[in-house]
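data_16.csv (CSV, C-alpha atoms and all ligand atoms)
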```csv
chain,number,residue,atom,x,y,z
A,14,MET,CA,-18.3,2.3,-73.2
A,15,THR,CA,-19.2,5.8,-74.5
A,16,PRO,CA,-17.3,9.0,-75.3
A,17,THR,CA,-18.9,10.5,-72.1
A,18,ILE,CA,-17.6,7.7,-69.9
A,19,ALA,CA,-14.1,8.0,-71.5
A,20,LYS,CA,-14.2,11.8,-70.8
A,21,ALA,CA,-15.3,11.1,-67.2
A,22,VAL,CA,-12.4,8.7,-66.7
A,23,PHE,CA,-10.0,11.4,-67.9
A,24,VAL,CA,-11.4,13.8,-65.4
A,25,PHE,CA,-11.2,11.1,-62.7
A,26,LEU,CA,-7.5,10.6,-63.6
A,27,ALA,CA,-6.8,14.3,-63.2
A,28,ALA,CA,-8.7,14.6,-60.0
A,29,GLY,CA,-7.0,11.4,-58.6
A,30,TRP,CA,-3.6,12.9,-59.5
A,31,TYR,CA,-4.5,16.1,-57.7
A,32,VAL,CA,-5.6,14.3,-54.5
A,33,ILE,CA,-2.4,12.2,-54.4
A,34,ARG,CA,-0.2,15.3,-54.9
A,35,VAL,CA,-1.8,17.8,-52.6
A,36,PRO,CA,-0.3,16.5,-49.3
A,37,HIS,CA,3.1,16.2,-50.8
A,38,ALA,CA,3.0,19.8,-52.3
A,39,ARG,CA,2.0,21.0,-48.8
A,40,ARG,CA,4.8,19.2,-47.1
A,41,SER,CA,7.4,20.3,-49.7
A,42,ARG,CA,6.6,23.9,-49.0
A,43,ARG,CA,7.7,23.3,-45.3
A,44,THR,CA,10.8,21.2,-46.1
A,45,PRO,CA,14.0,23.4,-46.5
A,46,ILE,CA,15.8,23.3,-49.9
A,47,SER,CA,19.6,22.9,-50.0
A,48,ARG,CA,20.1,23.1,-53.7
A,49,SER,CA,17.9,24.2,-56.6
A,50,ALA,CA,18.0,24.2,-60.4
A,51,ARG,CA,14.6,25.9,-60.5
A,52,GLY,CA,14.6,28.8,-63.1
A,53,MET,CA,12.7,30.4,-65.9
A,54,ARG,CA,13.4,27.3,-68.1
A,55,GLU,CA,11.8,25.0,-65.5
A,56,ILE,CA,8.7,27.3,-65.1
A,57,VAL,CA,8.2,27.3,-68.9
A,58,LEU,CA,8.6,23.5,-69.1
A,59,LEU,CA,6.1,23.0,-66.3
A,60,LEU,CA,3.6,25.3,-68.1
A,61,ILE,CA,4.0,23.5,-71.4
A,62,SER,CA,3.4,20.2,-69.6
A,63,LEU,CA,0.4,21.5,-67.7
A,64,THR,CA,-1.1,22.9,-71.0
A,65,GLY,CA,-0.7,19.5,-72.7
A,66,LEU,CA,-1.8,17.2,-69.9
A,67,GLY,CA,-4.5,19.4,-68.3
A,68,ILE,CA,-5.6,22.7,-69.9
A,69,LEU,CA,-6.2,21.6,-73.6
A,70,PRO,CA,-7.9,18.2,-72.7
A,71,PHE,CA,-10.0,20.0,-70.0
A,72,ILE,CA,-11.2,22.6,-72.6
A,73,TYR,CA,-12.1,19.7,-75.0
A,74,VAL,CA,-13.9,17.7,-72.3
A,75,VAL,CA,-16.0,20.8,-71.4
A,76,THR,CA,-16.6,22.4,-74.8
A,77,GLY,CA,-15.7,19.9,-77.5
A,78,PHE,CA,-13.1,22.4,-78.9
A,79,PRO,CA,-11.5,22.0,-81.4
A,80,ARG,CA,-14.3,20.0,-83.1
A,81,ILE,CA,-12.5,20.0,-86.4
A,82,ALA,CA,-9.8,17.7,-84.9
A,83,SER,CA,-12.2,15.1,-83.7
A,84,HIS,CA,-12.0,11.5,-85.0
A,85,PRO,CA,-14.3,8.5,-84.5
A,86,PHE,CA,-14.6,7.1,-81.0
A,87,GLN,CA,-13.5,3.4,-80.6
A,88,PRO,CA,-14.7,1.7,-77.4
A,89,ALA,CA,-11.9,-0.9,-77.4
A,90,VAL,CA,-9.2,1.8,-77.7
A,91,ALA,CA,-10.9,3.7,-74.8
A,92,GLY,CA,-11.0,0.5,-72.8
A,93,MET,CA,-7.2,0.3,-73.1
A,94,GLY,CA,-7.0,4.0,-72.0
A,95,ILE,CA,-9.0,3.1,-68.8
A,96,LEU,CA,-6.5,0.4,-67.9
A,97,LEU,CA,-3.6,2.8,-68.5
A,98,ALA,CA,-5.2,5.5,-66.5
A,99,ILE,CA,-5.6,3.1,-63.5
A,100,GLY,CA,-2.0,2.0,-63.9
A,101,SER,CA,-0.9,5.6,-64.0
A,102,LEU,CA,-2.7,6.5,-60.8
A,103,ILE,CA,-1.3,3.5,-59.0
A,104,MET,CA,2.2,4.5,-60.1
A,105,PHE,CA,1.6,8.1,-59.0
A,106,TYR,CA,0.6,6.9,-55.6
A,107,LEU,CA,3.6,4.5,-55.2
A,108,THR,CA,6.2,7.1,-56.4
A,109,HIS,CA,4.9,9.9,-54.2
A,110,ARG,CA,4.8,7.5,-51.2
A,111,ALA,CA,8.4,6.3,-51.9
A,112,LEU,CA,9.9,9.8,-52.4
A,113,GLY,CA,8.1,11.2,-49.3
A,114,ARG,CA,9.9,14.3,-48.1
A,115,ASN,CA,12.4,14.1,-50.9
A,116,TRP,CA,9.7,14.9,-53.5
A,117,SER,CA,9.7,18.3,-55.4
A,118,VAL,CA,7.6,19.4,-58.3
A,119,THR,CA,10.8,20.8,-59.9
A,120,LEU,CA,14.5,20.2,-59.7
A,121,GLU,CA,15.4,20.7,-56.0
A,122,VAL,CA,17.4,18.9,-53.4
A,123,ARG,CA,16.0,19.1,-49.8
A,124,GLU,CA,18.0,19.4,-46.6
A,125,ARG,CA,18.8,15.8,-45.5
A,126,HIS,CA,17.7,14.5,-48.9
A,127,LYS,CA,18.0,10.8,-49.2
A,128,LEU,CA,18.5,8.9,-52.5
A,129,VAL,CA,15.5,6.5,-52.8
A,130,THR,CA,16.5,3.3,-54.6
A,131,GLU,CA,13.8,0.9,-53.3
A,132,GLY,CA,10.3,-0.2,-54.2
A,133,VAL,CA,9.2,1.4,-57.5
A,134,TYR,CA,12.7,3.0,-57.6
A,135,GLU,CA,14.6,-0.3,-57.5
A,136,ARG,CA,14.7,-0.9,-61.3
A,137,VAL,CA,13.9,2.5,-62.8
A,138,ARG,CA,15.2,6.0,-61.9
A,139,HIS,CA,12.1,7.9,-63.0
A,140,PRO,CA,9.0,5.9,-62.2
A,141,MET,CA,7.0,9.1,-61.7
A,142,TYR,CA,7.8,10.1,-65.3
A,143,THR,CA,6.7,6.6,-66.3
A,144,ALA,CA,3.4,7.4,-64.6
A,145,PHE,CA,3.1,10.7,-66.6
A,146,TRP,CA,3.9,8.9,-69.9
A,147,MET,CA,1.1,6.5,-69.0
A,148,TRP,CA,-1.3,9.4,-68.4
A,149,ALA,CA,-0.3,11.0,-71.7
A,150,LEU,CA,-0.9,7.7,-73.5
A,151,ALA,CA,-4.2,7.1,-71.6
A,152,GLN,CA,-5.3,10.7,-72.7
A,153,ALA,CA,-4.6,9.9,-76.4
A,154,LEU,CA,-6.6,6.6,-76.1
A,155,LEU,CA,-9.6,8.1,-74.1
A,156,LEU,CA,-10.1,11.4,-76.0
A,157,PRO,CA,-11.1,11.0,-79.7
A,158,ASN,CA,-9.5,14.3,-80.7
A,159,TRP,CA,-6.1,14.7,-82.4
A,160,VAL,CA,-5.3,17.9,-80.5
A,161,ALA,CA,-6.8,17.2,-77.0
A,162,GLY,CA,-5.7,13.5,-77.2
A,163,PHE,CA,-2.1,14.0,-78.2
A,164,SER,CA,-1.3,17.3,-76.5
A,165,GLY,CA,-0.3,15.3,-73.4
A,166,MET,CA,2.4,13.5,-75.2
A,167,ILE,CA,3.8,16.7,-76.7
A,168,GLY,CA,3.5,18.7,-73.5
A,169,PHE,CA,4.9,16.1,-71.2
A,170,GLY,CA,7.4,14.9,-73.8
A,171,THR,CA,8.8,18.4,-74.0
A,172,LEU,CA,9.2,18.6,-70.2
A,173,TYR,CA,10.7,15.1,-70.0
A,174,PHE,CA,13.3,15.4,-72.8
A,175,PHE,CA,14.5,18.9,-71.6
A,176,ARG,CA,14.6,17.9,-67.9
A,177,VAL,CA,15.7,14.3,-67.4
A,178,GLY,CA,19.4,14.9,-68.2
A,179,GLN,CA,19.5,18.0,-66.0
A,180,GLU,CA,17.8,16.1,-63.2
A,181,GLU,CA,20.4,13.3,-63.4
A,182,ARG,CA,23.2,15.8,-63.4
A,183,LEU,CA,21.7,17.3,-60.2
A,184,MET,CA,21.5,13.9,-58.6
A,185,LEU,CA,25.1,13.1,-59.7
A,186,ASP,CA,26.4,16.4,-58.2
A,187,THR,CA,24.5,15.6,-55.0
A,188,PHE,CA,25.0,11.9,-54.5
A,189,GLY,CA,28.2,11.2,-56.7
A,190,ASP,CA,29.2,7.6,-56.9
A,191,GLN,CA,26.1,6.4,-55.1
A,192,TYR,CA,23.9,7.8,-58.0
A,193,ARG,CA,26.5,6.6,-60.6
A,194,ALA,CA,26.1,3.0,-59.3
A,195,TYR,CA,22.3,3.4,-59.2
A,196,MET,CA,22.4,4.6,-62.8
A,197,ALA,CA,24.4,1.6,-63.8
A,198,ARG,CA,21.8,-0.9,-62.5
A,199,THR,CA,18.6,0.9,-63.5
A,200,ALA,CA,16.8,2.0,-66.6
A,201,ARG,CA,15.1,5.4,-66.9
A,202,LEU,CA,11.5,4.5,-67.4
A,203,VAL,CA,10.9,0.8,-68.1
A,204,PRO,CA,12.8,-1.9,-66.3
A,205,TRP,CA,15.6,-3.4,-68.5
A,206,ILE,CA,14.3,-1.7,-71.6
A,207,LEU,CA,14.2,2.1,-71.7
B,1,LIG,C1,9.1,15.5,-59.8
B,1,LIG,S1,10.2,14.5,-58.9
B,1,LIG,C2,10.5,13.2,-60.0
B,1,LIG,C3,11.4,12.1,-59.5
B,1,LIG,C4,11.9,11.1,-60.5
B,1,LIG,N1,12.5,11.7,-61.6
B,1,LIG,C5,10.8,10.2,-61.0
B,1,LIG,O1,10.3,10.3,-62.1
B,1,LIG,O2,10.3,9.4,-60.2
B,1,LIG,C6,11.7,15.4,-59.1
B,1,LIG,C7,12.6,15.5,-57.8
B,1,LIG,O3,12.8,14.3,-57.3
B,1,LIG,C8,14.1,14.2,-56.7
B,1,LIG,N2,14.6,12.8,-57.0
B,1,LIG,C9,14.7,12.3,-58.3
B,1,LIG,N3,15.1,11.0,-58.2
B,1,LIG,C10,15.3,10.7,-56.8
B,1,LIG,C11,15.6,9.6,-56.1
B,1,LIG,N4,15.9,8.4,-56.7
B,1,LIG,N5,15.7,9.7,-54.7
B,1,LIG,C12,15.4,10.8,-54.1
B,1,LIG,N6,15.0,11.9,-54.8
B,1,LIG,C13,14.9,11.9,-56.1
B,1,LIG,C14,15.0,15.3,-57.3
B,1,LIG,O4,15.5,16.0,-56.2
B,1,LIG,C15,14.0,16.1,-58.1
B,1,LIG,O5,14.0,17.4,-57.7
```

As structure tokens - that is how I would like this structure written.
Amino acid sequence: MTPTIAKAVFVFLAAGWYVIRVPHARRSRRTPISRSARGMREIVLLLISLTGLGILPFIYVVTGFPRIASHPFQPAVAGMGILLAIGSLIMFYLTHRALGRNWSVTLEVRERHKLVTEGVYERVRHPMYTAFWMWALAQALLLPNWVAGFSGMIGFGTLYFFRVGQEERLMLDTFGDQYRAYMARTARLVPWIL
């Protein structure tokens, strides 16, 4: 395990996420929206998340910037990062497949939107966000740089904490008691724990 392999794994993670997402993004453009909470706040949150999970680590991988924030590379730590990166990609795949036409990059409800409560959605309400947290953690373990490594946690964490309550309110407004019952039997991110 070398720093170059760890950086390559990070690039592979980002590329894998993109490949999984593209067909869903295309389909979502064709699927009519019945209710939307998209606004300037959502756009800013998405940009913050993209910066932390993508732009800053990409600049580091390509240029080494900011060198001053680099710390010693530890192969065993990077090895754990690889496992998390693989887990995150699997979760991305499963969550996109389960949501299908109900998926949106932002807070939107589609026409004939169905509440998904099976598969990876059976025990947790936000498994796609679990996958993003796994990505952010993998990034911190793979990239030996305090800025590029931890920007994912800060960037995605900002999106998550400002969005998750609003998303649940949107789901409650749309699905009412069905979502209330779903909330009562599920955790947000980690089954039975969190
Ligand atoms: C980026 S997706 C994230 C979904 C979910 N929060 C997760 O982490 O797996 C956001 C969109 O998914 C939709 N959504 C969230 N939970 C859902 C569920 N259980 N069933 C169907 N659609 C859902 C909402 O309409 C929201 O606009």

Find the residues near ligand LIG 1 (chain B). Use a cut-off of 6 Å, count only C-alpha atoms and all ligand atoms, and write them as a list in words.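 Counting only C-alpha atoms and all ligand atoms, the residues within 6 Å of ligand LIG 1 (chain B) come out as Leu112, Asn115, Trp116, Ser117, Val118, Thr119, Leu120, Glu121, Val122, Lys127, Leu128, Val129, Thr130, Arg138, His139, Pro140, Met141 and Tyr142 of chain A.
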
Separation of CA of Thr187 (chain A) from CA of Ile206 (chain A), in Å and rounded to one decimal: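 According to the coordinates, CA of Thr187 (chain A) and CA of Ile206 (chain A) are separated by 26.1 Å.
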
CA of Arg40 (chain A) and CA of Gly113 (chain A), how far apart in Å?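 Going from CA of Gly113 (chain A) over to CA of Arg40 (chain A), I get 8.9 Å.
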
Nearest residue to Trp159 (chain A) from the set A:Ala82, A:Ala27, A:Met93, A:Ala50 (distances using all atoms listed in the file):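 Distance minimum relative to Trp159 (chain A) lands on A:Ala82.
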
Using only C-alpha atoms - which residues lie no farther than 9 Å from the point (5.8, 20.1, -73.2) in the file's frame? Write them as a PDB file with C-alpha atoms, in the frame of the given file.
```
ATOM      1  CA  VAL A  57       8.200  27.300 -68.900  1.00  0.00           C
ATOM      2  CA  LEU A  58       8.600  23.500 -69.100  1.00  0.00           C
ATOM      3  CA  LEU A  59       6.100  23.000 -66.300  1.00  0.00           C
ATOM      4  CA  LEU A  60       3.600  25.300 -68.100  1.00  0.00           C
ATOM      5  CA  ILE A  61       4.000  23.500 -71.400  1.00  0.00           C
ATOM      6  CA  SER A  62       3.400  20.200 -69.600  1.00  0.00           C
ATOM      7  CA  LEU A  63       0.400  21.500 -67.700  1.00  0.00           C
ATOM      8  CA  THR A  64      -1.100  22.900 -71.000  1.00  0.00           C
ATOM      9  CA  GLY A  65      -0.700  19.500 -72.700  1.00  0.00           C
ATOM     10  CA  LEU A  66      -1.800  17.200 -69.900  1.00  0.00           C
ATOM     11  CA  SER A 164      -1.300  17.300 -76.500  1.00  0.00           C
ATOM     12  CA  GLY A 165      -0.300  15.300 -73.400  1.00  0.00           C
ATOM     13  CA  MET A 166       2.400  13.500 -75.200  1.00  0.00           C
ATOM     14  CA  ILE A 167       3.800  16.700 -76.700  1.00  0.00           C
ATOM     15  CA  GLY A 168       3.500  18.700 -73.500  1.00  0.00           C
ATOM     16  CA  PHE A 169       4.900  16.100 -71.200  1.00  0.00           C
ATOM     17  CA  GLY A 170       7.400  14.900 -73.800  1.00  0.00           C
ATOM     18  CA  THR A 171       8.800  18.400 -74.000  1.00  0.00           C
ATOM     19  CA  LEU A 172       9.200  18.600 -70.200  1.00  0.00           C
ATOM     20  CA  TYR A 173      10.700  15.100 -70.000  1.00  0.00           C
ATOM     21  CA  PHE A 174      13.300  15.400 -72.800  1.00  0.00           C
ATOM     22  CA  PHE A 175      14.500  18.900 -71.600  1.00  0.00           C
TER      23      PHE A 175
END
```

List every protein, DNA or RNA residue that has at least one atom no more than 10 Å from (-2.2, 2.7, -66.9) in the file's coordinates, counting only C-alpha atoms, and write the result as a PDB file with C-alpha atoms, keeping the file's coordinate frame.
```
ATOM      1  CA  MET A  93      -7.200   0.300 -73.100  1.00  0.00           C
ATOM      2  CA  GLY A  94      -7.000   4.000 -72.000  1.00  0.00           C
ATOM      3  CA  ILE A  95      -9.000   3.100 -68.800  1.00  0.00           C
ATOM      4  CA  LEU A  96      -6.500   0.400 -67.900  1.00  0.00           C
ATOM      5  CA  LEU A  97      -3.600   2.800 -68.500  1.00  0.00           C
ATOM      6  CA  ALA A  98      -5.200   5.500 -66.500  1.00  0.00           C
ATOM      7  CA  ILE A  99      -5.600   3.100 -63.500  1.00  0.00           C
ATOM      8  CA  GLY A 100      -2.000   2.000 -63.900  1.00  0.00           C
ATOM      9  CA  SER A 101      -0.900   5.600 -64.000  1.00  0.00           C
ATOM     10  CA  LEU A 102      -2.700   6.500 -60.800  1.00  0.00           C
ATOM     11  CA  ILE A 103      -1.300   3.500 -59.000  1.00  0.00           C
ATOM     12  CA  MET A 104       2.200   4.500 -60.100  1.00  0.00           C
ATOM     13  CA  THR A 143       6.700   6.600 -66.300  1.00  0.00           C
ATOM     14  CA  ALA A 144       3.400   7.400 -64.600  1.00  0.00           C
ATOM     15  CA  PHE A 145       3.100  10.700 -66.600  1.00  0.00           C
ATOM     16  CA  TRP A 146       3.900   8.900 -69.900  1.00  0.00           C
ATOM     17  CA  MET A 147       1.100   6.500 -69.000  1.00  0.00           C
ATOM     18  CA  TRP A 148      -1.300   9.400 -68.400  1.00  0.00           C
ATOM     19  CA  ALA A 149      -0.300  11.000 -71.700  1.00  0.00           C
ATOM     20  CA  LEU A 150      -0.900   7.700 -73.500  1.00  0.00           C
ATOM     21  CA  ALA A 151      -4.200   7.100 -71.600  1.00  0.00           C
TER      22      ALA A 151
END
```

Distance in Å - CA of Phe71 (chain A) versus CA of Ala161 (chain A): 8.2 Å

Could you name the residues that touch Glu124 (chain A) at 8 Å or less, counting all atoms listed in the file, but leaving out those on the same chain fewer than 3 positions away, as a VMD selection string? chain A and resid 44 to 47

Within 9 Å of Phe78 (chain A), counting only C-alpha atoms, which residues show up once you throw out same-chain ones fewer than 5 positions away? Write them as a count of residues only, please. 5

Would you mind listing what lies within 12 Å of Val32 (chain A) as an mmCIF file with C-alpha atoms, keeping the file's coordinate frame, with only C-alpha atoms counted and same-chain residues fewer than 6 positions away left out?
```cif
data_model
loop_
_atom_site.group_PDB
_atom_site.id
_atom_site.type_symbol
_atom_site.label_atom_id
_atom_site.label_comp_id
_atom_site.auth_asym_id
_atom_site.auth_seq_id
_atom_site.Cartn_x
_atom_site.Cartn_y
_atom_site.Cartn_z
ATOM 1 C CA PHE A 25 -11.200 11.100 -62.700
ATOM 2 C CA LEU A 26 -7.500 10.600 -63.600
ATOM 3 C CA ALA A 38 3.000 19.800 -52.300
ATOM 4 C CA ARG A 39 2.000 21.000 -48.800
ATOM 5 C CA LEU A 102 -2.700 6.500 -60.800
ATOM 6 C CA PHE A 105 1.600 8.100 -59.000
ATOM 7 C CA TYR A 106 0.600 6.900 -55.600
ATOM 8 C CA HIS A 109 4.900 9.900 -54.200
#
```

Would you mind telling me which residue in A:Arg123, A:Ala89, A:Arg110, A:Thr76 lies nearest to Arg48 (chain A) when using only C-alpha atoms?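 Closest candidate: A:Arg123.
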
Between A:Val160, A:Phe86, A:Ser49, A:Leu155, which is the closest to Met184 (chain A) once you count only C-alpha atoms?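 Nearest to Met184 (chain A): A:Ser49.
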
Which is closest to Arg201 (chain A) among A:Val137, A:Leu154, A:Leu183, A:Ala91, if we use only C-alpha atoms?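 Closest to Arg201 (chain A), using only C-alpha atoms: A:Val137.
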
Saving region 79-106 of chain A with N, CA and C atoms, as an mmCIF file, in the first residue's frame, what would that file be?
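Here's the written file result_3.cif:
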```cif
data_model
loop_
_atom_site.group_PDB
_atom_site.id
_atom_site.type_symbol
_atom_site.label_atom_id
_atom_site.label_comp_id
_atom_site.auth_asym_id
_atom_site.auth_seq_id
_atom_site.Cartn_x
_atom_site.Cartn_y
_atom_site.Cartn_z
ATOM 1 N N PRO A 79 -3.072 21.348 -0.102
ATOM 2 C CA PRO A 79 -2.065 22.194 0.549
ATOM 3 C C PRO A 79 -1.029 21.326 1.288
ATOM 4 N N ARG A 80 0.207 21.349 0.776
ATOM 5 C CA ARG A 80 1.286 20.495 1.306
ATOM 6 C C ARG A 80 1.516 20.692 2.799
ATOM 7 N N ILE A 81 1.312 21.925 3.238
ATOM 8 C CA ILE A 81 1.585 22.245 4.647
ATOM 9 C C ILE A 81 0.696 21.424 5.595
ATOM 10 N N ALA A 82 -0.448 20.955 5.071
ATOM 11 C CA ALA A 82 -1.395 20.206 5.920
ATOM 12 C C ALA A 82 -1.193 18.689 5.811
ATOM 13 N N SER A 83 -0.132 18.253 5.118
ATOM 14 C CA SER A 83 0.080 16.809 4.969
ATOM 15 C C SER A 83 0.592 16.183 6.267
ATOM 16 N N HIS A 84 0.263 14.925 6.460
ATOM 17 C CA HIS A 84 0.767 14.181 7.633
ATOM 18 C C HIS A 84 1.233 12.806 7.164
ATOM 19 N N PRO A 85 1.995 12.070 8.005
ATOM 20 C CA PRO A 85 2.580 10.811 7.521
ATOM 21 C C PRO A 85 1.522 9.800 7.075
ATOM 22 N N PHE A 86 1.815 9.108 5.968
ATOM 23 C CA PHE A 86 0.907 8.089 5.418
ATOM 24 C C PHE A 86 1.033 6.798 6.228
ATOM 25 N N GLN A 87 -0.103 6.215 6.595
ATOM 26 C CA GLN A 87 -0.070 4.939 7.337
ATOM 27 C C GLN A 87 -0.808 3.860 6.537
ATOM 28 N N PRO A 88 -0.074 2.871 6.023
ATOM 29 C CA PRO A 88 -0.695 1.863 5.153
ATOM 30 C C PRO A 88 -1.891 1.162 5.794
ATOM 31 N N ALA A 89 -1.817 0.843 7.088
ATOM 32 C CA ALA A 89 -2.939 0.122 7.712
ATOM 33 C C ALA A 89 -4.191 0.996 7.751
ATOM 34 N N VAL A 90 -4.001 2.278 8.005
ATOM 35 C CA VAL A 90 -5.137 3.211 8.029
ATOM 36 C C VAL A 90 -5.751 3.304 6.628
ATOM 37 N N ALA A 91 -4.881 3.420 5.620
ATOM 38 C CA ALA A 91 -5.374 3.487 4.241
ATOM 39 C C ALA A 91 -6.091 2.184 3.862
ATOM 40 N N GLY A 92 -5.616 1.055 4.379
ATOM 41 C CA GLY A 92 -6.277 -0.238 4.113
ATOM 42 C C GLY A 92 -7.717 -0.202 4.617
ATOM 43 N N MET A 93 -7.928 0.380 5.810
ATOM 44 C CA MET A 93 -9.301 0.491 6.325
ATOM 45 C C MET A 93 -10.125 1.421 5.419
ATOM 46 N N GLY A 94 -9.447 2.446 4.900
ATOM 47 C CA GLY A 94 -10.125 3.365 3.975
ATOM 48 C C GLY A 94 -10.620 2.647 2.733
ATOM 49 N N ILE A 95 -9.812 1.691 2.232
ATOM 50 C CA ILE A 95 -10.226 0.942 1.034
ATOM 51 C C ILE A 95 -11.489 0.124 1.330
ATOM 52 N N LEU A 96 -11.498 -0.519 2.489
ATOM 53 C CA LEU A 96 -12.689 -1.322 2.837
ATOM 54 C C LEU A 96 -13.934 -0.430 2.922
ATOM 55 N N LEU A 97 -13.764 0.729 3.546
ATOM 56 C CA LEU A 97 -14.904 1.641 3.660
ATOM 57 C C LEU A 97 -15.347 2.160 2.292
ATOM 58 N N ALA A 98 -14.382 2.440 1.418
ATOM 59 C CA ALA A 98 -14.711 2.933 0.073
ATOM 60 C C ALA A 98 -15.526 1.879 -0.680
ATOM 61 N N ILE A 99 -15.124 0.610 -0.565
ATOM 62 C CA ILE A 99 -15.871 -0.465 -1.233
ATOM 63 C C ILE A 99 -17.292 -0.547 -0.652
ATOM 64 N N GLY A 100 -17.368 -0.501 0.692
ATOM 65 C CA GLY A 100 -18.684 -0.560 1.349
ATOM 66 C C GLY A 100 -19.570 0.598 0.904
ATOM 67 N N SER A 101 -18.972 1.773 0.784
ATOM 68 C CA SER A 101 -19.737 2.953 0.389
ATOM 69 C C SER A 101 -20.295 2.801 -1.028
ATOM 70 N N LEU A 102 -19.482 2.296 -1.947
ATOM 71 C CA LEU A 102 -19.959 2.097 -3.326
ATOM 72 C C LEU A 102 -21.093 1.069 -3.382
ATOM 73 N N ILE A 103 -20.949 -0.005 -2.593
ATOM 74 C CA ILE A 103 -22.026 -1.024 -2.569
ATOM 75 C C ILE A 103 -23.321 -0.382 -2.063
ATOM 76 N N MET A 104 -23.201 0.418 -0.988
ATOM 77 C CA MET A 104 -24.389 1.085 -0.436
ATOM 78 C C MET A 104 -24.993 2.068 -1.441
ATOM 79 N N PHE A 105 -24.137 2.800 -2.162
ATOM 80 C CA PHE A 105 -24.643 3.718 -3.184
ATOM 81 C C PHE A 105 -25.457 2.956 -4.215
ATOM 82 N N TYR A 106 -24.909 1.831 -4.658
ATOM 83 C CA TYR A 106 -25.580 1.052 -5.685
ATOM 84 C C TYR A 106 -26.950 0.572 -5.174
#
```
